[in-house]
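A.B. asks: Have a look at the structure that comes next, please.
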Amino acid sequence: QCRDALGELIVHFERLMRESRRLIRRSDREERELNELNGELHRLAAQLEYKARHDSLTGALNRGAIFDRAGRLLGCGPLALVVLDIDFFKSINDEFGHPAGDAVICEVVNRLRGAVPGAAEIGRVGGEEFSILLPDADFDAALQSAEAMRQAIAGQPFDCLPGRVVTASFGVSRTARHGDFGDAYARADEALFEAKRGGRNQVRGGHAED
C-alpha cells in the first residue's frame with residue numbers, strides 16, 4: 001500500500017512539474033511579448049515626439065519648436081538670432097518645378113549645418129525661411145556666423161539646379177537674458193528686409209539689445 005501510494009504521489013508530482021514548466025514557459029513568452037510591445041511603444045512615442053518638433057522635409061526644427069527652444073535659451077542667457085530667406089525662391093519653383101525647390105531647401109539646410117557653430121540650432125519657420133539660434137553669441141560673432149552661412153550657400157552652384165547659384169539674405173539680432181523673443185525676431189526680420197532692399201545676398205544687423 002505504501003509503494004502504491006508513493007507511486008501515485010510520484011505520478012502526481014511529475015504531472016505537477018510538467019504543468020509548472022508549461023506555465024513558466026508561457027509566462028516567459030508573455031513577458032517577452034510584453035517587453036517587445038513596451039519597446040515598440042517607446043519607439044513610436046519617440047517618433048511622434050520627433051515628428052511633432054521637426055520639419056518633415058529637412059529634419060530641422062519646425063517653427064513651434066524653434067520658438068519654444070528660443071524662449072528656453074533666453075531664460076538661461078543672451079541669444080543671437082539669424083533669420084534668412086532664400087532669394088528668388090518663387091522663380092526657382094516656377095522655372096524648375098517644386099521637386100527642385102524642395103531639393104534646394106534640403107541643400108540649404110545641409111550647407112547651414114556645415115557652417116553654423118556647434119551650439120547653434122536650425123529651424124525652418126516658413127517655406128523658404130529659416131531661423132538659427134546662437135546661444136551666448138555676441139553681436140559681432142553672430143554677424144560673422146551669418147556671413148559664413150551666406151558664403152556656404154552662395155559659394156558654389158547647387159547640383160539640383162544645373163549651373164545656377166542660389167543665394168540668401170540674412171538679418172541678425174541679439175537679445176539679453178530674459179528678453180522677449182518676439183521682439184528679437186522682429187528686429188532680425190527688419191534687418192532681413194533691409195538686406196532684401198539692399199540687393200539681396202547679404203547680411204544686415206538689426207539693433208542689438210544689451
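In the C-alpha cells, chains take letters A, B, ... by order of appearance, with residues numbered from 1 within each chain and ligands from 1 in the order shown.
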Leaving out stretch 74-88 of chain A and any residue of its chain fewer than 3 positions from it, which residues lie within 6 Å of it when counting only C-alpha atoms, given as a PyMOL selection string?
C.D. replies: chain A and resi 71+91+128-137+167-178
A.B. asks: Write out as a count of residues only all residues of chain A that backbone DSSP assigns to strand (DSSP E or B).
C.D. replies: 35
A.B. asks: Of the candidates A:Leu44, A:Ile153, A:Ala142, A:Ala100, which one gets nearest to A:Gly206 if we count only C-alpha atoms?
C.D. replies: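 Under the stated criterion, the closest residue is A:Ala142.
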A.B. asks: As an exercise, work out the distance from atom CA of A:Arg21 to atom CA of A:Leu37 in Å and give it to one decimal place.
C.D. replies: 24.1 Å
A.B. asks: Please report the interatomic distance between atom CA of A:Arg124 and atom CA of A:His42 in Å with one decimal.
C.D. replies: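 Rounded to one decimal, the two atoms are 26.7 Å apart.
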A.B. asks: Run DSSP on the backbone of this structure and report the residues of stretch 45-160 of chain A it assigns to helix (DSSP H, G or I), as an NGL selection string.
C.D. replies: :A and (45-53 or 63-74 or 89-96 or 98-115 or 139-154)
A.B. asks: Taking into account only C-alpha atoms, which residue in the set A:Ile122, A:Ile105, A:Ala191, A:Val203 is nearest to A:Arg150?
C.D. replies: A:Val203
A.B. asks: Would you pick out the contacts of A:Ala103 at 10 Å or less, using only C-alpha atoms, so that residues sharing its chain but fewer than 5 positions from it are not included, and give the list as a list in words?
C.D. replies: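 Final neighbour list, sorted by chain and number: Leu57, Thr58, His98, Val108, Phe158, Asp159, Cys160 and Leu161 of chain A.
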A.B. asks: Please dump the current selection as a PDB file, in the first residue's frame; keep C-alpha atoms.
C.D. replies:
ATOM      1  CA  LEU A  57      11.320  67.761 -45.404  1.00  0.00           C
ATOM      2  CA  THR A  58      14.631  68.852 -43.892  1.00  0.00           C
ATOM      3  CA  HIS A  98       8.509  72.169 -56.876  1.00  0.00           C
ATOM      4  CA  VAL A 108      20.383  74.934 -47.971  1.00  0.00           C
ATOM      5  CA  PHE A 158      23.559  73.577 -56.437  1.00  0.00           C
ATOM      6  CA  ASP A 159      23.658  70.210 -58.192  1.00  0.00           C
ATOM      7  CA  CYS A 160      19.855  70.174 -58.394  1.00  0.00           C
ATOM      8  CA  LEU A 161      19.905  73.417 -60.437  1.00  0.00           C
TER       9      LEU A 161
END
A.B. asks: If I take atom CA of A:Phe96 and atom CA of A:Pro157, how far is one from the other in Å, to one decimal?
C.D. replies: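 Distance between the two atoms: 14.6 Å.
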